Amino acid sequence: MSDLTATPERPAKPERAAKSKYKRILLKLSGEALTGDAEFGIDPQVLDRMALEIGQLVGIGVQVGIVVGGGNLFRGAALHEAGMERVTGDHMGMLATVMNALAMRDALERSNIRSRVMSAIPMSGVVEHYDRRTGIRYLTSGDVVLFSAGTGNPFFTTDSAACLRGIEIDADVVIKATKVDGVYDRDPVKHPEAQKYERLTYDECLDQKLGVMDLTAICLVRDHDMPVRVFNMNKPGALLNLVMGGKEGTLIDRG
Ligand SMILES: Nc1ncnc2c1ncn2[C@@H]1O[C@H](COP(=O)(O)OP(=O)(O)OP(=O)(O)O)[C@@H](O)[C@H]1O
Ligand SMILES: O=c1ccn([C@@H]2O[C@H](COP(=O)(O)O)[C@@H](O)[C@H]2O)c(=O)[nH]1
């Protein structure tokens, strides 16, 4: 029987991402998309598929930091609407992201992709506490790093956490993997006639209040000139194509 406590062998150092457009990325995975066809929870098949796609990036030497959402389990705002105190609901939402990160790490390690989970909320014995310099060291050595528990503060979302961590680790781009294939002039799930944008400026996103990412997150990336790409995580090969410089989804930058 294999030793389940062992971490996979470190693979031979991958060649530098010679042909990739980005050297270090921050990938935001939608929690809601982890449910697959179910209504709640985590679909292991979705995790395995994501692990495969992330493995392709690691294989060409791209450094991958990940922030996973928690919308498949708990959202503070929804719990609050149902009568719970908001901060407690947000704490539950952040803990949900830790659960998703643990599940993602499990899938990555089953695919022999070395990975670490760090949490913004100390959780000794379960995951490491977030430390920027340690996280960067792990990334530099080729490990995938899952930054969990959002920002560690209530009233934020994991979109903001993804932009924050992306800026902190000096990523080349924040990539938001979601269920729609980019940013539209209105929610394409509710409005099938919605028009997709190829490229948008931060200010256009803010002025038009485009709901694909929260406004706090957009302000943060605008203030730090961090490009964001939104793409459909259900499209096989799209993540690799995007990292190689292909035109997937929508690019949000300063124009
Ligand atoms: N203008 C828009 N363009 C694209 N998508 C939009 C827009 N407005 C609202 N949306 C919705 O935003 C969703 C994308 O957000 P996502 O699924 O990542 O949710 P989230 O709340 O960020 O993630 P999580 O599930 O992790 O909480 C899409 O599924 C889409 O329905
Ligand atoms: O910094 C943060 C990040 C998240 N939360 C709470 O967690 C849930 C799940 O995150 P999603 O971005 O919605 O997937 C979120 O709704 C918040 O309740 C937080 O409080 N602080």
# chains A, B, ... in the order shown; residues from 1 in each chain; ligands from 1
$ residues_near_ligand --ligand "ligand 2" --cutoff "7 Å" --atoms "only C-alpha atoms and all ligand atoms" --output "number ranges by chain"
A: 30-31, 69-71, 74-77, 89-94, 96-97, 149-161
$ write_last_selection --atoms "C-alpha atoms" --output "mmCIF file, in the first residue's frame"
data_model
loop_
_atom_site.group_PDB
_atom_site.id
_atom_site.type_symbol
_atom_site.label_atom_id
_atom_site.label_comp_id
_atom_site.auth_asym_id
_atom_site.auth_seq_id
_atom_site.Cartn_x
_atom_site.Cartn_y
_atom_site.Cartn_z
ATOM 1 C CA SER A 30 -14.512 29.429 -8.892
ATOM 2 C CA GLY A 31 -15.801 27.413 -5.945
ATOM 3 C CA GLY A 69 -13.520 30.253 -3.984
ATOM 4 C CA GLY A 70 -16.036 28.823 -1.541
ATOM 5 C CA GLY A 71 -19.345 29.484 -3.289
ATOM 6 C CA PHE A 74 -20.926 28.706 1.887
ATOM 7 C CA ARG A 75 -21.176 32.397 1.114
ATOM 8 C CA GLY A 76 -21.399 34.836 4.012
ATOM 9 C CA ALA A 77 -23.916 37.084 2.286
ATOM 10 C CA GLY A 89 -21.195 33.662 7.804
ATOM 11 C CA ASP A 90 -18.016 35.109 6.274
ATOM 12 C CA HIS A 91 -15.884 33.023 8.629
ATOM 13 C CA MET A 92 -17.770 29.933 7.431
ATOM 14 C CA GLY A 93 -17.207 31.029 3.823
ATOM 15 C CA MET A 94 -13.471 31.378 4.400
ATOM 16 C CA ALA A 96 -15.124 26.570 3.007
ATOM 17 C CA THR A 97 -12.262 27.803 0.836
ATOM 18 C CA ALA A 149 -9.116 31.368 3.652
ATOM 19 C CA GLY A 150 -9.375 34.374 1.361
ATOM 20 C CA THR A 151 -7.887 37.543 2.820
ATOM 21 C CA GLY A 152 -8.580 36.310 6.362
ATOM 22 C CA ASN A 153 -11.057 39.181 6.825
ATOM 23 C CA PRO A 154 -14.844 39.266 6.579
ATOM 24 C CA PHE A 155 -16.656 41.430 4.006
ATOM 25 C CA PHE A 156 -14.232 40.446 1.236
ATOM 26 C CA THR A 157 -14.459 37.830 -1.507
ATOM 27 C CA THR A 158 -11.988 35.389 -2.982
ATOM 28 C CA ASP A 159 -11.818 37.568 -6.122
ATOM 29 C CA SER A 160 -10.259 40.257 -3.927
ATOM 30 C CA ALA A 161 -8.066 37.627 -2.257
#
$ residues_near_ligand --ligand "ligand 1" --cutoff "6 Å" --atoms "only C-alpha atoms and all ligand atoms" --output "list in words"
Ser30, Gly31, Glu32, Gly69, Gly70, Gly71, Asn72, Asp159, Thr178, Lys179, Val180, Gly182, Val183, Tyr184, Asp185, Arg186, Asp187, Pro188, Val189, Leu210, Gly211 and Val212 of chain A
$ write_last_selection --atoms "N, CA and C atoms" --output "compact mmCIF listing (two decimals), in the first residue's frame"
# COMPACT_ATOMS: atom_id res chain seq x y z
N SER A 30 -13.19 29.21 -9.46
CA SER A 30 -14.51 29.43 -8.89
C SER A 30 -14.91 28.22 -8.04
N GLY A 31 -15.33 28.50 -6.81
CA GLY A 31 -15.80 27.41 -5.94
C GLY A 31 -17.03 26.77 -6.55
N GLU A 32 -17.92 27.63 -7.04
CA GLU A 32 -19.18 27.13 -7.59
C GLU A 32 -18.94 26.14 -8.73
N GLY A 69 -12.33 29.66 -4.60
CA GLY A 69 -13.52 30.25 -3.98
C GLY A 69 -14.20 29.26 -3.04
N GLY A 70 -15.31 29.70 -2.47
CA GLY A 70 -16.04 28.82 -1.54
C GLY A 70 -17.52 28.75 -1.84
N GLY A 71 -17.92 29.36 -2.97
CA GLY A 71 -19.34 29.48 -3.29
C GLY A 71 -20.09 28.17 -3.45
N ASN A 72 -19.37 27.06 -3.62
CA ASN A 72 -20.02 25.75 -3.71
C ASN A 72 -20.45 25.26 -2.33
N ASP A 159 -12.34 36.79 -4.98
CA ASP A 159 -11.82 37.57 -6.12
C ASP A 159 -10.81 38.60 -5.60
N THR A 178 -13.74 30.53 -14.61
CA THR A 178 -15.12 30.54 -14.16
C THR A 178 -16.00 29.73 -15.11
N LYS A 179 -17.32 29.88 -14.95
CA LYS A 179 -18.23 29.03 -15.75
C LYS A 179 -18.65 29.68 -17.05
N VAL A 180 -18.33 30.96 -17.21
CA VAL A 180 -18.64 31.64 -18.48
C VAL A 180 -17.32 31.98 -19.17
N GLY A 182 -15.87 34.59 -20.38
CA GLY A 182 -15.32 35.94 -20.42
C GLY A 182 -16.25 36.92 -19.74
N VAL A 183 -15.98 38.19 -19.98
CA VAL A 183 -16.81 39.26 -19.41
C VAL A 183 -17.78 39.73 -20.50
N TYR A 184 -19.04 39.86 -20.14
CA TYR A 184 -20.09 40.28 -21.07
C TYR A 184 -20.67 41.63 -20.63
N ASP A 185 -21.47 42.22 -21.50
CA ASP A 185 -22.06 43.52 -21.14
C ASP A 185 -23.16 43.38 -20.09
N ARG A 186 -23.58 42.16 -19.84
CA ARG A 186 -24.47 41.83 -18.72
C ARG A 186 -24.31 40.34 -18.44
N ASP A 187 -24.90 39.88 -17.33
CA ASP A 187 -24.70 38.47 -16.94
C ASP A 187 -25.21 37.54 -18.05
N PRO A 188 -24.32 36.78 -18.71
CA PRO A 188 -24.75 35.93 -19.83
C PRO A 188 -25.59 34.74 -19.40
N VAL A 189 -25.54 34.41 -18.11
CA VAL A 189 -26.37 33.30 -17.62
C VAL A 189 -27.84 33.73 -17.59
N LEU A 210 -19.72 45.69 -14.18
CA LEU A 210 -19.86 44.35 -14.76
C LEU A 210 -19.63 43.32 -13.65
N GLY A 211 -20.65 42.49 -13.41
CA GLY A 211 -20.69 41.67 -12.20
C GLY A 211 -19.77 40.46 -12.16
N VAL A 212 -18.90 40.30 -13.13
CA VAL A 212 -18.10 39.08 -13.14
C VAL A 212 -17.06 39.05 -12.03
$ closest_residue --among "A:Met84, A:Ile175, A:Leu215, A:Ala107" --to "A:Lys28" --atoms "only C-alpha atoms"
A:Ile175
$ select_by_dssp --residues "stretch 38-174 of chain A" --states "alpha helix (DSSP H)" --output "PyMOL selection string"
chain A and resi 44-59+76-81+86-110+132-140+158-168
$ write_last_selection --atoms "C-alpha atoms" --output "tab-separated table (two decimals), in the first residue's frame"
chain	number	residue	atom	x	y	z
A	44	PRO	CA	-13.88	14.81	-7.85
A	45	GLN	CA	-13.97	14.63	-11.65
A	46	VAL	CA	-13.79	18.43	-11.89
A	47	LEU	CA	-10.84	18.43	-9.48
A	48	ASP	CA	-9.02	15.76	-11.49
A	49	ARG	CA	-9.58	17.66	-14.72
A	50	MET	CA	-8.27	20.87	-13.17
A	51	ALA	CA	-5.26	18.99	-11.77
A	52	LEU	CA	-4.48	17.74	-15.26
A	53	GLU	CA	-4.64	21.23	-16.74
A	54	ILE	CA	-2.56	22.75	-13.91
A	55	GLY	CA	-0.03	19.92	-14.34
A	56	GLN	CA	0.45	20.97	-17.98
A	57	LEU	CA	1.48	24.44	-16.81
A	58	VAL	CA	3.84	23.11	-14.16
A	59	GLY	CA	5.30	20.81	-16.80
A	76	GLY	CA	-21.40	34.84	4.01
A	77	ALA	CA	-23.92	37.08	2.29
A	78	ALA	CA	-26.28	34.16	1.59
A	79	LEU	CA	-26.00	32.88	5.17
A	80	HIS	CA	-26.71	36.41	6.41
A	81	GLU	CA	-29.81	36.62	4.23
A	86	ARG	CA	-22.67	38.34	8.73
A	87	VAL	CA	-19.19	37.97	10.19
A	88	THR	CA	-19.91	34.40	11.30
A	89	GLY	CA	-21.19	33.66	7.80
A	90	ASP	CA	-18.02	35.11	6.27
A	91	HIS	CA	-15.88	33.02	8.63
A	92	MET	CA	-17.77	29.93	7.43
A	93	GLY	CA	-17.21	31.03	3.82
A	94	MET	CA	-13.47	31.38	4.40
A	95	LEU	CA	-13.32	27.96	6.07
A	96	ALA	CA	-15.12	26.57	3.01
A	97	THR	CA	-12.26	27.80	0.84
A	98	VAL	CA	-9.81	25.87	3.03
A	99	MET	CA	-11.84	22.69	2.45
A	100	ASN	CA	-11.81	23.31	-1.31
A	101	ALA	CA	-8.06	23.97	-1.23
A	102	LEU	CA	-7.46	20.70	0.65
A	103	ALA	CA	-9.52	18.82	-1.93
A	104	MET	CA	-7.59	20.51	-4.77
A	105	ARG	CA	-4.24	19.68	-3.15
A	106	ASP	CA	-5.35	16.07	-2.84
A	107	ALA	CA	-6.20	15.93	-6.55
A	108	LEU	CA	-2.90	17.62	-7.50
A	109	GLU	CA	-0.82	15.26	-5.38
A	110	ARG	CA	-2.63	12.23	-6.79
A	132	ARG	CA	4.34	35.80	1.55
A	133	ARG	CA	8.06	35.09	1.42
A	134	THR	CA	7.61	31.39	2.13
A	135	GLY	CA	4.89	31.21	-0.52
A	136	ILE	CA	7.18	32.81	-3.09
A	137	ARG	CA	9.96	30.37	-2.13
A	138	TYR	CA	7.63	27.42	-2.73
A	139	LEU	CA	6.56	28.84	-6.09
A	140	THR	CA	10.15	29.41	-7.13
A	158	THR	CA	-11.99	35.39	-2.98
A	159	ASP	CA	-11.82	37.57	-6.12
A	160	SER	CA	-10.26	40.26	-3.93
A	161	ALA	CA	-8.07	37.63	-2.26
A	162	ALA	CA	-6.89	36.41	-5.68
A	163	CYS	CA	-6.00	39.94	-6.80
A	164	LEU	CA	-4.30	40.66	-3.46
A	165	ARG	CA	-2.20	37.48	-3.53
A	166	GLY	CA	-1.47	37.98	-7.23
A	167	ILE	CA	-0.03	41.42	-6.50
A	168	GLU	CA	1.82	40.21	-3.39
$ atom_distance --atom1 "atom CA of A:Asp203" --atom2 "atom CA of A:Arg229"
15.3 Å
$ select_by_dssp --residues "stretch 29-236 of chain A" --states "strand (DSSP E)" --output "PyMOL selection string"
chain A and resi 29+63-68+115-119+128-129+144-148+173-178+199-201+228-232
$ write_last_selection --atoms "C-alpha atoms" --output "mmCIF file, in the first residue's frame"
data_model
loop_
_atom_site.group_PDB
_atom_site.id
_atom_site.type_symbol
_atom_site.label_atom_id
_atom_site.label_comp_id
_atom_site.auth_asym_id
_atom_site.auth_seq_id
_atom_site.Cartn_x
_atom_site.Cartn_y
_atom_site.Cartn_z
ATOM 1 C CA LEU A 29 -10.794 28.892 -9.357
ATOM 2 C CA GLN A 63 4.818 28.906 -11.412
ATOM 3 C CA VAL A 64 1.211 28.502 -10.272
ATOM 4 C CA GLY A 65 -0.412 30.143 -7.252
ATOM 5 C CA ILE A 66 -4.103 29.353 -6.737
ATOM 6 C CA VAL A 67 -6.956 30.937 -4.814
ATOM 7 C CA VAL A 68 -10.090 28.781 -4.647
ATOM 8 C CA SER A 115 1.518 21.412 -3.844
ATOM 9 C CA ARG A 116 1.094 23.339 -0.619
ATOM 10 C CA VAL A 117 -1.900 24.881 1.107
ATOM 11 C CA MET A 118 -1.411 28.112 3.023
ATOM 12 C CA SER A 119 -4.208 29.706 5.027
ATOM 13 C CA GLU A 128 0.492 26.290 6.981
ATOM 14 C CA HIS A 129 -0.193 29.869 7.968
ATOM 15 C CA VAL A 144 1.866 24.808 -6.686
ATOM 16 C CA VAL A 145 0.686 26.999 -3.801
ATOM 17 C CA LEU A 146 -2.985 27.152 -2.817
ATOM 18 C CA PHE A 147 -3.691 30.348 -0.881
ATOM 19 C CA SER A 148 -6.797 29.598 1.179
ATOM 20 C CA VAL A 173 -1.351 37.939 -14.482
ATOM 21 C CA VAL A 174 -4.427 37.015 -12.447
ATOM 22 C CA ILE A 175 -6.450 34.403 -14.309
ATOM 23 C CA LYS A 176 -10.052 33.983 -13.244
ATOM 24 C CA ALA A 177 -11.362 30.550 -14.185
ATOM 25 C CA THR A 178 -15.119 30.543 -14.163
ATOM 26 C CA ARG A 199 -10.719 43.414 -23.907
ATOM 27 C CA LEU A 200 -11.770 45.948 -21.288
ATOM 28 C CA THR A 201 -10.068 48.603 -19.201
ATOM 29 C CA VAL A 228 -6.668 39.969 -15.337
ATOM 30 C CA ARG A 229 -7.934 37.354 -17.760
ATOM 31 C CA VAL A 230 -11.383 35.781 -17.330
ATOM 32 C CA PHE A 231 -11.954 32.474 -19.112
ATOM 33 C CA ASN A 232 -14.123 29.357 -19.068
#
$ atom_distance --atom1 "atom CA of A:Lys19" --atom2 "atom CA of A:Gly246"
11.7 Å
$ residues_around --residues "A:Lys23" --least-positions-apart "3" --cutoff "8 Å" --atoms "only C-alpha atoms" --output "PyMOL selection string"
chain A and resi 17+20+61-63+171-172
$ decode --residues "stretch 89-211 of chain A" --atoms "C-alpha atoms" --output "compact mmCIF listing (two decimals), in the first residue's frame"
# COMPACT_ATOMS: atom_id res chain seq x y z
CA GLY A 89 -21.19 33.66 7.80
CA ASP A 90 -18.02 35.11 6.27
CA HIS A 91 -15.88 33.02 8.63
CA MET A 92 -17.77 29.93 7.43
CA GLY A 93 -17.21 31.03 3.82
CA MET A 94 -13.47 31.38 4.40
CA LEU A 95 -13.32 27.96 6.07
CA ALA A 96 -15.12 26.57 3.01
CA THR A 97 -12.26 27.80 0.84
CA VAL A 98 -9.81 25.87 3.03
CA MET A 99 -11.84 22.69 2.45
CA ASN A 100 -11.81 23.31 -1.31
CA ALA A 101 -8.06 23.97 -1.23
CA LEU A 102 -7.46 20.70 0.65
CA ALA A 103 -9.52 18.82 -1.93
CA MET A 104 -7.59 20.51 -4.77
CA ARG A 105 -4.24 19.68 -3.15
CA ASP A 106 -5.35 16.07 -2.84
CA ALA A 107 -6.20 15.93 -6.55
CA LEU A 108 -2.90 17.62 -7.50
CA GLU A 109 -0.82 15.26 -5.38
CA ARG A 110 -2.63 12.23 -6.79
CA SER A 111 -1.38 13.51 -10.15
CA ASN A 112 2.14 13.80 -8.70
CA ILE A 113 2.08 17.59 -8.71
CA ARG A 114 3.77 18.91 -5.59
CA SER A 115 1.52 21.41 -3.84
CA ARG A 116 1.09 23.34 -0.62
CA VAL A 117 -1.90 24.88 1.11
CA MET A 118 -1.41 28.11 3.02
CA SER A 119 -4.21 29.71 5.03
CA ALA A 120 -4.78 33.35 5.91
CA ILE A 121 -6.39 32.05 9.14
CA PRO A 122 -3.94 30.10 11.33
CA MET A 123 -4.92 26.43 11.41
CA SER A 124 -2.01 24.67 13.01
CA GLY A 125 -1.79 20.96 12.21
CA VAL A 126 -4.02 21.27 9.16
CA VAL A 127 -2.37 23.80 6.85
CA GLU A 128 0.49 26.29 6.98
CA HIS A 129 -0.19 29.87 7.97
CA TYR A 130 0.16 32.27 5.01
CA ASP A 131 3.53 33.91 4.74
CA ARG A 132 4.34 35.80 1.55
CA ARG A 133 8.06 35.09 1.42
CA THR A 134 7.61 31.39 2.13
CA GLY A 135 4.89 31.21 -0.52
CA ILE A 136 7.18 32.81 -3.09
CA ARG A 137 9.96 30.37 -2.13
CA TYR A 138 7.63 27.42 -2.73
CA LEU A 139 6.56 28.84 -6.09
CA THR A 140 10.15 29.41 -7.13
CA SER A 141 10.97 25.79 -6.32
CA GLY A 142 8.15 24.61 -8.60
CA ASP A 143 5.46 23.75 -6.04
CA VAL A 144 1.87 24.81 -6.69
CA VAL A 145 0.69 27.00 -3.80
CA LEU A 146 -2.99 27.15 -2.82
CA PHE A 147 -3.69 30.35 -0.88
CA SER A 148 -6.80 29.60 1.18
CA ALA A 149 -9.12 31.37 3.65
CA GLY A 150 -9.38 34.37 1.36
CA THR A 151 -7.89 37.54 2.82
CA GLY A 152 -8.58 36.31 6.36
CA ASN A 153 -11.06 39.18 6.83
CA PRO A 154 -14.84 39.27 6.58
CA PHE A 155 -16.66 41.43 4.01
CA PHE A 156 -14.23 40.45 1.24
CA THR A 157 -14.46 37.83 -1.51
CA THR A 158 -11.99 35.39 -2.98
CA ASP A 159 -11.82 37.57 -6.12
CA SER A 160 -10.26 40.26 -3.93
CA ALA A 161 -8.07 37.63 -2.26
CA ALA A 162 -6.89 36.41 -5.68
CA CYS A 163 -6.00 39.94 -6.80
CA LEU A 164 -4.30 40.66 -3.46
CA ARG A 165 -2.20 37.48 -3.53
CA GLY A 166 -1.47 37.98 -7.23
CA ILE A 167 -0.03 41.42 -6.50
CA GLU A 168 1.82 40.21 -3.39
CA ILE A 169 3.55 37.32 -5.16
CA ASP A 170 4.31 39.52 -8.15
CA ALA A 171 2.39 37.33 -10.58
CA ASP A 172 2.43 38.28 -14.25
CA VAL A 173 -1.35 37.94 -14.48
CA VAL A 174 -4.43 37.02 -12.45
CA ILE A 175 -6.45 34.40 -14.31
CA LYS A 176 -10.05 33.98 -13.24
CA ALA A 177 -11.36 30.55 -14.18
CA THR A 178 -15.12 30.54 -14.16
CA LYS A 179 -18.23 29.03 -15.75
CA VAL A 180 -18.64 31.64 -18.48
CA ASP A 181 -16.11 32.33 -21.22
CA GLY A 182 -15.32 35.94 -20.42
CA VAL A 183 -16.81 39.26 -19.41
CA TYR A 184 -20.09 40.28 -21.07
CA ASP A 185 -22.06 43.52 -21.14
CA ARG A 186 -24.47 41.83 -18.72
CA ASP A 187 -24.70 38.47 -16.94
CA PRO A 188 -24.75 35.93 -19.83
CA VAL A 189 -26.37 33.30 -17.62
CA LYS A 190 -29.42 35.51 -17.15
CA HIS A 191 -29.23 37.23 -20.56
CA PRO A 192 -28.40 34.84 -23.42
CA GLU A 193 -28.23 37.80 -25.83
CA ALA A 194 -25.35 39.38 -23.84
CA GLN A 195 -22.29 40.49 -25.86
CA LYS A 196 -18.81 39.36 -24.93
CA TYR A 197 -15.85 41.74 -24.62
CA GLU A 198 -12.43 40.73 -25.94
CA ARG A 199 -10.72 43.41 -23.91
CA LEU A 200 -11.77 45.95 -21.29
CA THR A 201 -10.07 48.60 -19.20
CA TYR A 202 -10.33 48.57 -15.42
CA ASP A 203 -12.34 51.80 -15.58
CA GLU A 204 -14.81 50.36 -18.11
CA CYS A 205 -15.37 47.42 -15.74
CA LEU A 206 -15.95 49.77 -12.82
CA ASP A 207 -18.12 52.29 -14.69
CA GLN A 208 -20.36 49.58 -16.15
CA LYS A 209 -20.43 47.61 -12.85
CA LEU A 210 -19.86 44.35 -14.76
CA GLY A 211 -20.69 41.67 -12.20
